[in-house]
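The structure file structure-v8.cif is reproduced below (mmCIF, C-alpha atoms).
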```cif
data_run
loop_
_atom_site.label_atom_id
_atom_site.label_comp_id
_atom_site.auth_asym_id
_atom_site.auth_seq_id
_atom_site.Cartn_x
_atom_site.Cartn_y
_atom_site.Cartn_z
CA MET A 1 6.93 12.42 5.77
CA ARG A 2 9.72 10.62 3.90
CA ARG A 3 11.31 9.73 7.20
CA VAL A 4 8.07 8.21 8.44
CA ILE A 5 7.71 6.00 5.40
CA TYR A 6 11.31 4.91 5.42
CA GLY A 7 10.83 4.14 9.10
CA LEU A 8 8.08 1.73 8.13
CA LEU A 9 10.28 0.14 5.53
CA LEU A 10 13.69 0.25 7.13
CA ALA A 11 12.80 -0.71 10.69
CA LEU A 12 12.53 -4.30 9.59
CA LEU A 13 15.69 -4.51 7.53
CA PRO A 14 17.68 -6.76 9.89
CA ALA A 15 15.56 -9.65 8.70
CA ALA A 16 16.75 -9.10 5.14
CA ALA A 17 19.40 -11.78 5.16
CA ARG A 18 17.16 -14.67 6.17
CA ALA A 19 15.64 -15.53 2.82
CA GLU A 20 17.13 -16.50 -0.48
CA HIS A 21 15.02 -14.37 -2.81
CA PHE A 22 12.14 -12.52 -1.29
CA ASP A 23 12.53 -11.47 2.29
CA ILE A 24 9.35 -10.98 4.26
CA LYS A 25 8.65 -9.98 7.80
CA LEU A 26 5.00 -10.15 8.85
CA THR A 27 3.86 -9.02 12.29
CA ALA A 28 0.41 -9.20 13.89
CA THR A 29 -0.41 -7.53 17.19
CA ALA A 30 -3.43 -7.88 19.49
CA PRO A 31 -4.84 -5.02 21.59
CA ASP A 32 -3.10 -6.33 24.72
CA GLY A 33 0.25 -5.92 22.98
CA THR A 34 0.78 -9.61 22.29
CA SER A 35 2.59 -9.92 18.99
CA LYS A 36 3.57 -12.71 16.62
CA GLU A 37 6.07 -12.63 13.76
CA ALA A 38 6.50 -14.73 10.65
CA PHE A 39 9.21 -14.71 8.03
CA ALA A 40 9.60 -15.80 4.44
CA ASP A 41 8.55 -19.30 3.52
CA GLN A 42 8.08 -20.68 0.04
CA THR A 43 5.59 -22.67 -1.95
CA PRO A 44 5.70 -25.34 -3.26
CA PRO A 45 5.31 -27.33 -1.09
CA VAL A 46 1.72 -26.41 -0.29
CA GLY A 47 1.65 -24.46 2.94
CA GLY A 48 5.41 -24.04 2.98
CA LEU A 49 7.98 -25.54 5.32
CA ASN A 50 7.60 -23.57 8.52
CA PRO A 51 4.93 -23.98 11.24
CA ARG A 52 2.79 -20.87 11.61
CA PRO A 53 2.68 -18.87 14.83
CA VAL A 54 -0.76 -18.33 16.37
CA LEU A 55 -2.01 -14.96 17.65
CA ARG A 56 -4.96 -15.20 20.03
CA ALA A 57 -7.49 -12.41 20.51
CA LYS A 58 -11.17 -11.85 21.21
CA ALA A 59 -14.03 -11.16 18.84
CA GLY A 60 -14.34 -7.41 18.40
CA ASP A 61 -10.63 -6.84 18.93
CA THR A 62 -8.68 -4.74 16.47
CA ILE A 63 -5.71 -6.66 15.08
CA ALA A 64 -2.86 -4.56 13.72
CA PHE A 65 -0.70 -6.24 11.14
CA GLN A 66 2.16 -5.07 9.01
CA PHE A 67 4.59 -6.55 6.54
CA VAL A 68 7.66 -5.54 4.63
CA MET A 69 8.74 -7.49 1.57
CA THR A 70 12.15 -6.95 0.01
CA ASN A 71 13.41 -8.46 -3.21
CA VAL A 72 16.86 -9.47 -2.03
CA TYR A 73 17.82 -11.42 -5.15
CA ALA A 74 20.14 -9.10 -7.06
CA HIS A 75 19.29 -10.38 -10.53
CA ALA A 76 15.52 -10.67 -10.33
CA SER A 77 13.33 -8.32 -12.32
CA ALA A 78 9.81 -9.11 -13.40
CA ARG A 79 7.22 -7.00 -15.15
CA ASN A 80 3.71 -7.06 -13.79
CA ALA A 81 4.70 -8.86 -10.60
CA GLY A 82 2.46 -8.73 -7.59
CA VAL A 83 1.99 -8.97 -3.87
CA ARG A 84 -1.24 -10.06 -2.25
CA PHE A 85 -2.30 -10.15 1.38
CA TYR A 86 -5.48 -11.35 3.04
CA ILE A 87 -7.21 -12.63 6.15
CA VAL A 88 -9.44 -15.61 5.44
CA ARG A 89 -11.33 -17.96 7.72
CA GLU A 90 -9.83 -21.47 7.94
CA PRO A 91 -11.35 -24.69 9.32
CA LYS A 92 -8.42 -25.44 11.63
CA LEU A 93 -5.21 -23.88 12.85
CA GLY A 94 -2.07 -24.79 10.95
CA GLN A 95 -3.75 -26.38 7.96
CA LYS A 96 -1.45 -26.53 4.97
CA ALA A 97 -3.87 -25.76 2.16
CA VAL A 98 -4.97 -22.17 1.69
CA PRO A 99 -8.78 -22.01 2.06
CA PRO A 100 -10.91 -20.62 -0.77
CA LEU A 101 -10.51 -16.87 -0.76
CA GLU A 102 -14.12 -16.04 0.01
CA ASN A 103 -15.63 -13.67 2.57
CA LEU A 104 -12.26 -12.20 3.39
CA ALA A 105 -11.90 -10.22 6.60
CA ALA A 106 -9.38 -8.00 4.82
CA ASP A 107 -7.36 -8.16 1.65
CA GLY A 108 -5.25 -6.10 -0.69
CA SER A 109 -2.78 -6.36 -3.51
CA PHE A 110 -0.16 -4.54 -5.53
CA THR A 111 0.85 -4.89 -9.17
CA PHE A 112 4.18 -3.41 -10.20
CA ASP A 113 7.43 -3.94 -12.07
CA LEU A 114 9.65 -5.79 -9.65
CA LYS A 115 13.27 -4.73 -9.57
CA PRO A 116 16.18 -5.82 -7.38
CA LYS A 117 15.91 -4.44 -3.85
CA ALA A 118 12.30 -3.41 -4.43
CA LYS A 119 10.38 -2.88 -1.18
CA ILE A 120 6.71 -3.08 -0.40
CA GLY A 121 5.35 -2.30 3.03
CA THR A 122 1.84 -2.24 4.44
CA LYS A 123 0.23 -1.85 7.82
CA GLU A 124 -3.44 -2.19 8.53
CA ARG A 125 -5.84 -2.37 11.45
CA VAL A 126 -8.76 -4.74 11.17
CA VAL A 127 -11.61 -5.38 13.58
CA MET A 128 -12.10 -9.15 13.85
CA ALA A 129 -15.84 -9.24 14.41
CA GLN A 130 -16.48 -12.98 14.41
CA PRO A 131 -14.82 -15.76 16.45
CA GLY A 132 -13.04 -18.51 14.59
CA PHE A 133 -9.74 -19.49 13.05
CA TYR A 134 -8.22 -17.25 10.42
CA LEU A 135 -5.18 -17.26 8.16
CA LEU A 136 -3.29 -13.98 7.74
CA ARG A 137 -1.03 -14.36 4.74
CA VAL A 138 1.07 -12.18 2.41
CA GLU A 139 2.49 -13.70 -0.78
CA SER A 140 4.42 -12.81 -3.89
CA GLN A 141 2.78 -13.38 -7.28
CA ARG A 142 3.94 -13.58 -10.88
CA THR A 143 7.63 -13.24 -10.06
CA GLN A 144 8.57 -15.50 -12.99
CA ARG A 145 10.32 -18.03 -10.79
CA ASP A 146 9.58 -21.66 -10.05
CA HIS A 147 8.26 -20.80 -6.62
CA GLU A 148 6.67 -17.94 -4.75
CA HIS A 149 7.35 -16.63 -1.28
CA PHE A 150 4.93 -15.97 1.51
CA ALA A 151 4.67 -15.39 5.25
CA ALA A 152 1.67 -16.37 7.34
CA ILE A 153 0.26 -16.21 10.85
CA ASP A 154 -2.81 -17.99 12.22
CA LEU A 155 -5.36 -15.98 14.20
CA GLU A 156 -7.49 -17.64 16.84
CA ILE A 157 -10.36 -15.29 17.59
CA GLN A 158 -12.27 -16.43 20.69
CA MET B 1 14.33 46.13 -10.46
CA SER B 2 15.96 47.26 -13.69
CA GLY B 3 14.39 46.55 -17.03
CA SER B 4 17.21 44.31 -18.18
CA TYR B 5 17.10 42.26 -14.95
CA ARG B 6 13.37 41.80 -15.36
CA VAL B 7 13.85 40.59 -18.92
CA ASN B 8 16.61 38.22 -17.83
CA ALA B 9 14.49 36.84 -14.97
CA LEU B 10 11.58 36.33 -17.32
CA ALA B 11 13.81 34.55 -19.82
CA LEU B 12 15.20 32.33 -17.06
CA SER B 13 11.74 31.45 -15.80
CA VAL B 14 10.62 30.65 -19.32
CA LEU B 15 13.61 28.36 -19.75
CA LEU B 16 13.27 26.67 -16.37
CA GLY B 17 9.51 26.48 -16.29
CA PRO B 18 9.10 23.63 -18.70
CA CYS B 19 12.01 21.76 -17.09
CA LEU B 20 10.69 21.85 -13.54
CA GLY B 21 7.15 21.13 -14.56
CA ALA B 22 7.93 18.67 -17.32
CA GLY B 23 6.17 15.41 -16.87
CA VAL B 24 3.68 16.61 -14.26
CA ASN B 25 0.83 16.10 -16.67
CA ASP B 26 2.21 12.75 -17.78
CA PHE B 27 2.40 11.31 -14.28
CA THR B 28 -1.10 10.55 -13.06
CA ILE B 29 -2.76 8.95 -10.07
CA ASN B 30 -6.29 7.58 -10.25
CA LEU B 31 -8.13 6.68 -7.08
CA LYS B 32 -11.47 4.85 -6.87
CA VAL B 33 -13.53 3.93 -3.82
CA GLN B 34 -16.59 1.72 -4.13
CA SER B 35 -19.04 -0.16 -1.98
CA GLY B 36 -22.58 -1.46 -2.30
CA GLY B 37 -22.79 -0.68 -5.99
CA ARG B 38 -21.74 2.94 -5.52
CA GLN B 39 -18.40 4.40 -6.54
CA GLN B 40 -16.46 7.64 -6.60
CA THR B 41 -13.23 8.55 -8.36
CA ALA B 42 -10.50 11.10 -7.81
CA MET B 43 -7.57 12.06 -10.01
CA SER B 44 -4.32 13.85 -9.42
CA GLY B 45 -4.44 17.46 -10.53
CA GLN B 46 -8.17 17.65 -9.90
CA ALA B 47 -9.26 21.18 -8.98
CA GLY B 48 -11.63 22.02 -6.15
CA ALA B 49 -12.62 20.15 -3.03
CA PRO B 50 -11.84 16.41 -2.89
CA PRO B 51 -14.64 14.14 -4.08
CA VAL B 52 -16.76 12.58 -1.35
CA PHE B 53 -17.79 8.95 -1.10
CA ILE B 54 -20.67 8.11 1.25
CA ALA B 55 -20.30 4.75 3.00
CA LYS B 56 -22.17 2.95 5.73
CA ALA B 57 -20.73 1.89 9.07
CA LYS B 58 -19.42 -1.70 9.04
CA GLU B 59 -19.64 -1.70 5.25
CA VAL B 60 -16.61 -2.98 3.39
CA VAL B 61 -15.14 -0.36 1.09
CA TRP B 62 -12.98 -1.32 -1.86
CA VAL B 63 -10.20 1.14 -2.57
CA GLN B 64 -8.26 0.94 -5.84
CA TRP B 65 -5.52 3.15 -7.18
CA SER B 66 -3.36 3.20 -10.25
CA VAL B 67 -0.30 5.25 -11.02
CA ALA B 68 1.10 5.76 -14.50
CA ASN B 69 3.94 7.64 -16.08
CA GLY B 70 2.98 8.53 -19.64
CA ALA B 71 4.87 7.36 -22.68
CA THR B 72 6.53 10.77 -22.91
CA GLY B 73 6.92 11.19 -19.17
CA THR B 74 10.08 12.06 -17.31
CA PRO B 75 11.97 8.96 -16.06
CA LEU B 76 11.67 8.80 -12.28
CA SER B 77 13.60 6.52 -9.95
CA ASP B 78 13.03 5.44 -6.37
CA ILE B 79 9.58 6.93 -6.13
CA THR B 80 7.65 5.98 -3.01
CA LEU B 81 3.92 5.50 -3.57
CA HIS B 82 2.36 6.22 -0.24
CA VAL B 83 -1.25 5.24 0.35
CA PHE B 84 -3.21 5.61 3.52
CA MET B 85 -6.74 5.71 4.95
CA ASP B 86 -7.34 7.48 8.20
CA ARG B 87 -9.92 9.46 10.10
CA GLY B 88 -10.06 13.17 9.32
CA ASP B 89 -10.67 15.83 6.73
CA ALA B 90 -9.35 15.22 3.22
CA ARG B 91 -8.99 18.97 2.72
CA ALA B 92 -6.19 19.20 5.28
CA ALA B 93 -2.92 20.23 3.69
CA ALA B 94 -0.56 17.27 3.35
CA PRO B 95 -2.07 15.21 6.18
CA LYS B 96 -0.05 12.42 7.72
CA PRO B 97 -1.39 9.07 8.87
CA GLY B 98 -1.84 8.80 12.61
CA PRO B 99 -0.87 5.80 14.74
CA LYS B 100 -4.37 4.39 14.37
CA ALA B 101 -4.66 4.79 10.61
CA LEU B 102 -6.86 2.08 9.13
CA TYR B 103 -4.45 1.38 6.31
CA GLU B 104 -1.03 2.53 5.16
CA SER B 105 1.28 1.20 2.49
CA ALA B 106 4.47 2.23 0.77
CA LEU B 107 5.86 0.87 -2.46
CA ILE B 108 9.19 2.02 -3.83
CA GLN B 109 9.43 1.82 -7.59
CA ASP B 110 11.10 3.31 -10.66
CA PHE B 111 8.81 4.93 -13.19
CA GLU B 112 10.32 4.86 -16.62
CA PRO B 113 8.08 6.32 -19.35
CA GLY B 114 5.10 4.05 -19.85
CA VAL B 115 5.41 2.26 -16.52
CA LYS B 116 2.28 1.67 -14.45
CA SER B 117 1.53 0.21 -11.07
CA SER B 118 -1.64 -0.36 -9.12
CA GLY B 119 -2.98 -1.55 -5.83
CA GLU B 120 -6.15 -2.13 -3.91
CA PHE B 121 -7.50 -3.05 -0.53
CA ARG B 122 -10.83 -3.92 1.04
CA ILE B 123 -11.55 -2.92 4.57
CA PRO B 124 -14.66 -2.56 6.73
CA VAL B 125 -15.32 0.98 7.92
CA PRO B 126 -15.50 0.50 11.68
CA GLU B 127 -17.85 3.32 12.75
CA PRO B 128 -19.54 6.54 11.63
CA GLY B 129 -17.27 9.51 11.06
CA ALA B 130 -15.10 11.31 8.56
CA TYR B 131 -12.36 9.36 6.84
CA PHE B 132 -10.15 10.01 3.86
CA VAL B 133 -8.00 8.05 1.45
CA ARG B 134 -4.86 9.61 0.05
CA VAL B 135 -2.35 8.41 -2.53
CA ASP B 136 0.79 10.50 -2.90
CA THR B 137 4.31 10.31 -4.18
CA ILE B 138 7.45 10.89 -2.22
CA GLY B 139 10.53 11.67 -4.26
CA ALA B 140 8.94 12.96 -7.45
CA ALA B 141 9.29 16.66 -6.71
CA GLY B 142 12.93 16.75 -7.71
CA LYS B 143 12.07 16.11 -11.33
CA LEU B 144 8.42 17.09 -11.53
CA GLY B 145 8.61 20.25 -9.43
CA LYS B 146 6.04 18.92 -6.95
CA GLU B 147 4.72 15.72 -5.44
CA ILE B 148 1.65 14.19 -7.05
CA GLU B 149 -1.42 13.26 -5.03
CA ALA B 150 -5.01 12.13 -5.28
CA VAL B 151 -7.34 12.28 -2.29
CA MET B 152 -10.93 11.41 -1.47
CA GLN B 153 -13.17 12.01 1.51
CA VAL B 154 -15.08 9.00 2.83
CA SER B 155 -18.04 10.08 4.90
CA VAL B 156 -19.91 7.62 7.11
CA PRO B 157 -23.12 9.24 8.49
#
```
Translate this structure into C-alpha cells?
Amino acid sequence: MRRVIYGLLLALLPAAARAEHFDIKLTATAPDGTSKEAFADQTPPVGGLNPRPVLRAKAGDTIAFQFVMTNVYAHASARNAGVRFYIVREPKLGQKAVPPLENLAADGSFTFDLKPKAKIGTKERVVMAQPGFYLLRVESQRTQRDHEHFAAIDLEIQ
Amino acid sequence: MSGSYRVNALALSVLLGPCLGAGVNDFTINLKVQSGGRQQTAMSGQAGAPPVFIAKAKEVVWVQWSVANGATGTPLSDITLHVFMDRGDARAAAPKPGPKALYESALIQDFEPGVKSSGEFRIPVPEPGAYFVRVDTIGAAGKLGKEIEAVMQVSVP
C-alpha cells in the first residue's frame, strides 16, 4: 500500500525544480486518453502568468485529474495552511479572473501544518454532465507569503 | 514452558504493551459523509460493522475528515494520510483503491502532540451501487503498534 501511495506522489517528482516555492503538477485526462498538464503559476497577478492548456471532451465523459503539490522552499513552514481544488464553470476559456465558486462540478480542500518538503497528492474522476467551459484549478492557501501558487487547466465540454 | 519463563514473558509484555500501544487512543480519525440534509459519522477505533450512509444516484456527497494527535499523544513524523472513495464493501480487510476509484488523496505530515489536519471533498455519486470511503494512516504502526483507520459504507439503492 505504501508503495502505491508513494507512486502517486513520487511519479511526478521530476517537475520539482520548476517552481520557486510551491511546485505543482496538475494533469487532466479525457476518456480517449488525451491529456493536458499544467505547472505552478502564482497570483498575483490575477490569473497568473502562464496561458492555460485546454482539455476537450464530451458531455457525460469522465475526466480524471490528479495533482501533486510539493513545498520546495526549504525554510517555509506555516500553521493552518491549505490546499484547495475545484472545477467551476467559466464564461470563456482562458479568462483571468476566477469565477464565483458556485455550483462546483467537484471540489475539495486540505488544512494542515505546512512544513518544508511537504507533499499533497490527489486524484479524482468526475463525470462532466453538462457542456460548457470549466476551470480546473488547484491552489495553495494561507501559506503566510505575499503570493500563493496554483495550477490550472481549462475544460471545454462539448 | 517453565514457570519462570512464563513470568518473564508476562513481565516483558507488560513492559512493552504500553509502549507499543501508547498514543493509539490519542490519535483519532473522524469521518463524516453528508448529503441532502442527512449525515453519518465514523470514528477510528469504532467497534462493529462500518456505519452506512444512504445516498441517491447523481447526488453530490460531501465527505469530511479530520485527524488529530492528542495533547499527550506520541510524536509521529512522516505520516501519510490516505483517503479514498471507491466501489466495494467497506468491510473488506484493508481494501486498496482500484484504478477507477472516484477519489484518492495522500498527504504526508508530521503529527506532534496537539497537531490536527483535515480535508474534504464533494463529488457526485455516478450510479447506484455499493461504495465506501476510507481514511487510513501509513507509517503510524511503528510507534502506535498499528495503523489507524476510519471507514464508512456509502450505499446507493
Give me, as JSON, numbers by chain, the contact residues of chain A against chain B at a cut-off of 10 Å, counting only C-alpha atoms.
{"A": [1, 2, 4, 5, 6, 8, 9, 62, 64, 65, 66, 67, 68, 69, 79, 80, 81, 82, 83, 84, 85, 86, 104, 105, 106, 107, 108, 109, 110, 111, 112, 113, 114, 115, 117, 118, 119, 120, 121, 122, 123, 124, 125, 126, 127, 129]}
Close residues, Gln158 (chain A) itself excluded, 7 Å, all atoms listed in the file, min 4 positions apart in chain, as a PyMOL selection string
chain A and resi 57-59+131-132
Can you translate the PyMOL selection byres ((chain B and resi 48) around 12) into the concrete residues it hits in this file, as a compact mmCIF listing (two decimals) with C-alpha atoms, in the coordinates of the input?
```txt
# COMPACT_ATOMS: atom_id res chain seq x y z
CA ALA B 42 -10.50 11.10 -7.81
CA MET B 43 -7.57 12.06 -10.01
CA SER B 44 -4.32 13.85 -9.42
CA GLY B 45 -4.44 17.46 -10.53
CA GLN B 46 -8.17 17.65 -9.90
CA ALA B 47 -9.26 21.18 -8.98
CA ALA B 49 -12.62 20.15 -3.03
CA PRO B 50 -11.84 16.41 -2.89
CA PRO B 51 -14.64 14.14 -4.08
CA VAL B 52 -16.76 12.58 -1.35
CA ALA B 90 -9.35 15.22 3.22
CA ARG B 91 -8.99 18.97 2.72
CA ALA B 150 -5.01 12.13 -5.28
CA VAL B 151 -7.34 12.28 -2.29
CA MET B 152 -10.93 11.41 -1.47
```
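Using the PyMOL selection byres ((chain B and resi 113) around 8) on this structure selects B:Asn69, B:Gly70, B:Ala71, B:Thr72, B:Gly73, B:Thr74, B:Pro75, B:Phe111, B:Glu112, B:Gly114, B:Val115.
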Tell me which residues the PyMOL selection byres ((chain A and resi 31-42) around 7) grabs here, as an NGL selection string.
:A and (19 or 23-30 or 43-44 or 48-50 or 53 or 55 or 61-63 or 147-153)
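Picture a line from CA of Val133 (chain B) to CA of Asn30 (chain B); it runs 11.8 Å.
Separating CA of Ser155 (chain B) from CA of Gln130 (chain A) is a distance of 25.0 Å.
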For a cutoff of 10 Å around the file-coordinate point (-2.9, -26.6, 8.9), which residues qualify once you count all atoms listed in the file? I'd like the result as a list of chain:residue names.
A:Gly47, A:Pro51, A:Arg52, A:Glu90, A:Pro91, A:Lys92, A:Leu93, A:Gly94, A:Gln95, A:Lys96, A:Ala97, A:Val98, A:Leu135, A:Asp154
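Pairwise distance (CA of Arg89 (chain A), CA of Val46 (chain A)) equals 17.5 Å.
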Can I get region 127-155 of chain B with N, CA and C atoms filled in, as a short mmCIF file (atom, residue, chain, number, x, y, z; two decimals), in the coordinates of the input?
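As written to disk, part-v4.cif reads:
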```cif
data_model
loop_
_atom_site.label_atom_id
_atom_site.label_comp_id
_atom_site.auth_asym_id
_atom_site.auth_seq_id
_atom_site.Cartn_x
_atom_site.Cartn_y
_atom_site.Cartn_z
N GLU B 127 -16.82 2.55 12.04
CA GLU B 127 -17.85 3.32 12.75
C GLU B 127 -18.14 4.60 12.00
N PRO B 128 -19.26 5.27 12.31
CA PRO B 128 -19.54 6.54 11.63
C PRO B 128 -18.45 7.58 11.87
N GLY B 129 -18.29 8.47 10.92
CA GLY B 129 -17.27 9.51 11.06
C GLY B 129 -16.74 9.95 9.72
N ALA B 130 -15.75 10.81 9.78
CA ALA B 130 -15.10 11.31 8.56
C ALA B 130 -13.77 10.61 8.37
N TYR B 131 -13.59 10.06 7.19
CA TYR B 131 -12.36 9.36 6.84
C TYR B 131 -11.86 9.93 5.51
N PHE B 132 -10.62 9.66 5.19
CA PHE B 132 -10.15 10.01 3.86
C PHE B 132 -9.12 9.00 3.39
N VAL B 133 -9.01 8.90 2.09
CA VAL B 133 -8.00 8.05 1.45
C VAL B 133 -7.10 8.96 0.63
N ARG B 134 -5.82 8.74 0.75
CA ARG B 134 -4.86 9.61 0.05
C ARG B 134 -3.77 8.75 -0.59
N VAL B 135 -3.47 9.04 -1.82
CA VAL B 135 -2.35 8.41 -2.53
C VAL B 135 -1.39 9.54 -2.92
N ASP B 136 -0.15 9.46 -2.51
CA ASP B 136 0.79 10.50 -2.90
C ASP B 136 2.17 9.94 -3.17
N THR B 137 2.94 10.71 -3.88
CA THR B 137 4.31 10.31 -4.18
C THR B 137 5.25 10.96 -3.18
N ILE B 138 6.35 10.30 -2.97
CA ILE B 138 7.45 10.89 -2.22
C ILE B 138 8.70 10.69 -3.08
N GLY B 139 9.33 11.78 -3.45
CA GLY B 139 10.53 11.67 -4.26
C GLY B 139 10.37 12.09 -5.70
N ALA B 140 9.16 12.54 -6.07
CA ALA B 140 8.94 12.96 -7.45
C ALA B 140 9.21 14.44 -7.66
N ALA B 141 9.19 15.21 -6.58
CA ALA B 141 9.29 16.66 -6.71
C ALA B 141 10.59 17.11 -7.35
N GLY B 142 11.64 16.35 -7.14
CA GLY B 142 12.93 16.75 -7.71
C GLY B 142 12.90 16.90 -9.21
N LYS B 143 12.13 16.05 -9.86
CA LYS B 143 12.07 16.11 -11.33
C LYS B 143 10.76 16.70 -11.84
N LEU B 144 9.71 16.59 -11.06
CA LEU B 144 8.42 17.09 -11.53
C LEU B 144 8.07 18.45 -10.96
N GLY B 145 8.87 18.94 -10.01
CA GLY B 145 8.61 20.25 -9.43
C GLY B 145 7.63 20.19 -8.27
N LYS B 146 6.94 19.09 -8.08
CA LYS B 146 6.04 18.92 -6.95
C LYS B 146 5.71 17.44 -6.80
N GLU B 147 5.22 17.08 -5.63
CA GLU B 147 4.72 15.72 -5.44
C GLU B 147 3.32 15.62 -6.04
N ILE B 148 2.95 14.42 -6.42
CA ILE B 148 1.65 14.19 -7.05
C ILE B 148 0.75 13.47 -6.05
N GLU B 149 -0.52 13.84 -6.03
CA GLU B 149 -1.42 13.26 -5.03
C GLU B 149 -2.84 13.15 -5.58
N ALA B 150 -3.57 12.23 -5.04
CA ALA B 150 -5.01 12.13 -5.28
C ALA B 150 -5.64 11.80 -3.93
N VAL B 151 -6.76 12.44 -3.62
CA VAL B 151 -7.34 12.28 -2.29
C VAL B 151 -8.87 12.25 -2.39
N MET B 152 -9.48 11.51 -1.49
CA MET B 152 -10.93 11.41 -1.47
C MET B 152 -11.43 11.35 -0.02
N GLN B 153 -12.52 12.06 0.21
CA GLN B 153 -13.17 12.01 1.51
C GLN B 153 -14.12 10.81 1.54
N VAL B 154 -14.11 10.08 2.63
CA VAL B 154 -15.08 9.00 2.83
C VAL B 154 -15.91 9.37 4.06
N SER B 155 -17.17 9.62 3.83
CA SER B 155 -18.04 10.08 4.90
C SER B 155 -18.99 8.95 5.31
#
```
